[in-house]
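Student: Right, I'll just put the structure down here and ask away after.
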Amino acid sequence: MATFKFELVSPAKLLFSGDVEEVIVPGTEGEFTVLAGHTPLVSTLRPGFLRLKNGTDSMNVFVRSGFAEVNETGLIVLAEEAARIEDINPAEFAASITALEEKMSSATDEAKNKMADTIYQLKAIQTQLAGGAASTH
Amino acid sequence: MASLKDLRNRIASVKATQKITKAMQMVAAAKLRRAQMAAEAARPYAERMDAILANIANKVAGQPGAPALLGGTGKDDVHMLLVCTAERGLCGAFNSSIARLARDRANALIAAGKTVKIICVGRKGYDILRRIFAKQIVEVIDLRGVRQLGYDNAAEIAQKIVARYEAGEFDVCTLFYSRFKSVISQIPTAQQIIPPQLPETSSEAKAGTNTPVYEYEPSEEEILADLLPRNLATQVFRALLENAASEQGARMSAMDNATRNAGDMIKKQTITYNRTRQAMITKELIEIISGAEAL
């Protein structure tokens, strides 16, 4: 299968750079799969799992908001926060949700809705992580 | 003339100081390596961010619906200076050179009849600037409690700036920090972040021959509204990291100088000490001999 160049960067570091066959990206308006030769696209991300496949290899990466850009050379994902599933610490993850919930109580209405969405998605991810469901994909 | 005991004490105190500066230099060297690595690791993100932003911005720029964060308010009356300095001193001219750059800019703007507002990030810059611009400083952001500088710190600062911008408090925002060139050279830099200065597109790209047509999900405006504050945070983050590396570099060379100076001083004082000691011995001998001759 044809491959394309994929880069995953977070502010802290360059997490992944290389050729892959397929990447499933959690876009704000739904997940989409990027294959080689995808039409140029810019999308925002929601919290979720980025799944990349290369032959028999596959990797799951948690991303928390950011951008994905597909251009003629490949796919670039700019994630505000990104971590491989193995590296996620459940306690820290829970703490980040609690912190967000605290912030929400003092936010304005519009921001509140947005944050409520994020918290809902994060909690869904948390249960997935706990059940180990994400790693079986 | 100082007594022998005084001289001995003085030499001992310089030696103690030298030990401290030597230790500080080594600590700075170790921290510098870490700061430099962090700055380098953050570079790809900022570069890709620039590329994507330039791409979208070129499409939306000039259109009436462009967000204010991108196109500016159309005025140039109130300037916000975001001055990033260190939390600690003892790092040579690092803090004062950033503050001087900001001060010169502020004075020039005031002379041109503009209103100036200042946000200080870091205590040292505030200490210097508050003497002259006590009225202009609107906020001081303290990062003293932060052990490891993270993206979250930058995002928080960016959020505050965006909130002020949306409240119509200023028209143009400029970021002051020190760019890390090498251990011995840090360049104080002023960078305009609102409205952002985008890289010039080539005429070929402008003509639309080479730029692919992008699909946007959600719409361009919504993406831009999300992207612009994030870009701001990225710029602040980059400035903070560059600053951290510069600070350690400046401290390292300052402490290296101090250690060398202390060495010179010890050498000079040891000579004085020995001379005084010998003079005293000679004096005592003369006293004994002349006493014996008088008999």
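By convention in this document, the chains of the structure tokens carry letters A, B, ... by their order, each chain's residues are numbered from 1, and ligands are numbered from 1 in the order they are shown.
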Using only C-alpha atoms, determine which residues of chain A fall within 8 Å of chain B; present them as a list of chain:residue names.
Tutor: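 Residues of chain A within 8 Å of chain B, counting only C-alpha atoms: A:Val9, A:Ser10, A:Pro11, A:Ala12, A:Lys13, A:Leu14, A:Gly27, A:Thr28, A:Glu29, A:Thr39, A:Pro40, A:Leu41, A:Val42, A:Ser43, A:Thr44, A:Glu69, A:Asn71, A:Glu72, A:Ile76, A:Leu78.
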Student: Excluding same-chain residues fewer than 2 positions from Ile20 in chain B, what lies within 12 Å of it counting only C-alpha atoms, as an MDAnalysis selection string?
Tutor: chainID B and resid 13:18 22:27 90 255:256 258:259 262
Student: I need the residues of range 53-272 of chain B that end up classed as alpha helix (DSSP H) by DSSP on the backbone, written out as an MDAnalysis selection string.
Tutor: chainID B and resid 53:60 68:71 94:111 123:133 151:166 203:206 220:272
Student: Keeping only C-alpha atoms, take the residues you just selected and write them out as a CSV table (one decimal), in the first residue's frame.
Tutor:
```csv
chain,number,residue,atom,x,y,z
B,53,LEU,CA,-1.4,29.9,9.8
B,54,ALA,CA,0.3,31.6,6.9
B,55,ASN,CA,-1.6,29.3,4.6
B,56,ILE,CA,-5.0,30.0,6.0
B,57,ALA,CA,-4.4,33.7,6.8
B,58,ASN,CA,-3.4,34.5,3.2
B,59,LYS,CA,-6.8,33.3,2.1
B,60,VAL,CA,-8.8,35.1,4.7
B,68,ALA,CA,-9.5,41.1,14.7
B,69,LEU,CA,-6.6,39.0,16.1
B,70,LEU,CA,-5.3,38.6,12.6
B,71,GLY,CA,-6.1,41.9,10.9
B,94,PHE,CA,20.4,39.7,30.6
B,95,ASN,CA,17.5,41.4,32.4
B,96,SER,CA,18.7,45.0,31.9
B,97,SER,CA,19.2,44.6,28.2
B,98,ILE,CA,15.7,43.4,27.7
B,99,ALA,CA,14.3,46.1,29.9
B,100,ARG,CA,16.4,48.7,28.1
B,101,LEU,CA,15.0,47.6,24.7
B,102,ALA,CA,11.4,47.8,26.1
B,103,ARG,CA,12.1,51.2,27.8
B,104,ASP,CA,13.5,52.7,24.6
B,105,ARG,CA,10.5,51.4,22.6
B,106,ALA,CA,8.0,52.7,25.2
B,107,ASN,CA,9.7,56.1,25.3
B,108,ALA,CA,9.6,56.4,21.5
B,109,LEU,CA,5.9,55.4,21.5
B,110,ILE,CA,5.0,57.9,24.2
B,111,ALA,CA,7.0,60.6,22.3
B,123,ARG,CA,9.9,39.9,38.5
B,124,LYS,CA,13.2,41.3,37.4
B,125,GLY,CA,11.8,43.2,34.5
B,126,TYR,CA,9.2,44.6,36.7
B,127,ASP,CA,11.8,45.8,39.3
B,128,ILE,CA,13.6,47.8,36.6
B,129,LEU,CA,10.6,49.1,34.7
B,130,ARG,CA,8.4,50.1,37.6
B,131,ARG,CA,10.7,53.0,38.4
B,132,ILE,CA,9.9,54.8,35.2
B,133,PHE,CA,6.6,53.2,34.0
B,151,TYR,CA,3.1,25.1,27.4
B,152,ASP,CA,0.3,25.6,29.9
B,153,ASN,CA,2.1,28.6,31.4
B,154,ALA,CA,2.3,30.2,28.0
B,155,ALA,CA,-1.3,29.4,27.2
B,156,GLU,CA,-2.4,31.1,30.3
B,157,ILE,CA,-0.5,34.3,29.5
B,158,ALA,CA,-1.8,34.2,25.9
B,159,GLN,CA,-5.4,33.9,27.3
B,160,LYS,CA,-4.9,36.9,29.4
B,161,ILE,CA,-3.7,38.9,26.5
B,162,VAL,CA,-6.5,37.8,24.2
B,163,ALA,CA,-9.1,38.7,26.9
B,164,ARG,CA,-7.6,42.2,27.2
B,165,TYR,CA,-7.5,42.5,23.4
B,166,GLU,CA,-11.1,41.5,23.1
B,203,SER,CA,4.3,36.1,-5.9
B,204,GLU,CA,3.8,32.6,-7.4
B,205,ALA,CA,1.8,31.4,-4.5
B,206,LYS,CA,-0.2,34.6,-4.4
B,220,GLU,CA,-12.2,28.7,7.8
B,221,GLU,CA,-13.4,31.3,10.2
B,222,GLU,CA,-13.9,28.8,13.0
B,223,ILE,CA,-10.5,27.3,12.5
B,224,LEU,CA,-8.9,30.6,12.4
B,225,ALA,CA,-10.7,31.6,15.6
B,226,ASP,CA,-9.2,28.6,17.2
B,227,LEU,CA,-5.8,28.8,15.6
B,228,LEU,CA,-5.0,32.5,16.3
B,229,PRO,CA,-5.0,32.3,20.1
B,230,ARG,CA,-3.1,29.1,19.9
B,231,ASN,CA,-0.5,30.7,17.7
B,232,LEU,CA,-0.2,33.5,20.2
B,233,ALA,CA,0.4,30.9,23.0
B,234,THR,CA,3.0,29.2,20.8
B,235,GLN,CA,4.8,32.5,20.2
B,236,VAL,CA,4.8,33.2,24.0
B,237,PHE,CA,6.0,29.7,24.7
B,238,ARG,CA,8.8,30.1,22.3
B,239,ALA,CA,9.8,33.4,23.8
B,240,LEU,CA,9.8,31.9,27.3
B,241,LEU,CA,11.9,29.0,26.3
B,242,GLU,CA,14.4,31.2,24.4
B,243,ASN,CA,14.5,33.4,27.4
B,244,ALA,CA,15.2,30.5,29.8
B,245,ALA,CA,18.1,29.3,27.6
B,246,SER,CA,19.4,32.9,27.3
B,247,GLU,CA,19.2,33.4,31.0
B,248,GLN,CA,21.3,30.4,31.8
B,249,GLY,CA,23.8,31.3,29.1
B,250,ALA,CA,24.1,34.8,30.4
B,251,ARG,CA,24.4,33.6,34.0
B,252,MET,CA,27.1,31.1,33.0
B,253,SER,CA,29.3,33.7,31.4
B,254,ALA,CA,28.7,36.2,34.2
B,255,MET,CA,29.6,33.6,36.8
B,256,ASP,CA,32.6,32.6,34.8
B,257,ASN,CA,33.8,36.2,34.8
B,258,ALA,CA,33.1,36.5,38.5
B,259,THR,CA,35.1,33.4,39.3
B,260,ARG,CA,38.1,34.7,37.3
B,261,ASN,CA,37.9,38.1,38.9
B,262,ALA,CA,37.9,36.5,42.3
B,263,GLY,CA,41.0,34.5,41.3
B,264,ASP,CA,42.8,37.7,40.3
B,265,MET,CA,41.8,39.4,43.5
B,266,ILE,CA,43.0,36.5,45.6
B,267,LYS,CA,46.4,36.6,43.8
B,268,LYS,CA,46.7,40.4,44.5
B,269,GLN,CA,45.7,40.1,48.1
B,270,THR,CA,48.0,37.2,48.7
B,271,ILE,CA,50.9,39.3,47.5
B,272,THR,CA,50.0,42.2,49.8
```
Student: For range 80-87 of chain B, find every residue with an atom within 6 Å (counting only C-alpha atoms), except residues of its own chain fewer than 4 positions away, and show them as a PyMOL selection string.
Tutor: chain B and resi 95+117-125+173-177
Student: For CA of Asn60 in chain A and CA of Tyr120 in chain A, quote the distance in Å rounded to one decimal.
Tutor: 20.2 Å
Student: For Lys75 in chain B, which residue among B:Lys31, B:Lys114, B:Lys135, B:Ala2 is the nearest when counting only C-alpha atoms?
Tutor: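 Nearest candidate to Lys75 in chain B out of B:Lys31, B:Lys114, B:Lys135, B:Ala2: B:Lys114.
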Student: If you measure from CA of Val77 in chain A to CA of Met59 in chain A, what distance in Å do you get, rounded to one decimal?
Tutor: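 So the two atoms, CA of Val77 in chain A and CA of Met59 in chain A, lie 14.8 Å apart.
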Student: Looking only at the backbone, which of the residues in range 14-138 of chain B does DSSP tag as strand (DSSP E or B), as a PyMOL selection string?
Tutor: chain B and resi 78-84+115-121+137-138
Student: Between A:Gly37, A:Asp19, A:Pro90, A:Gly30, which residue has the minimum interatomic distance to Ile125 in chain A, considering only C-alpha atoms?
Tutor: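 Closest to Ile125 in chain A of all the choices is A:Pro90.
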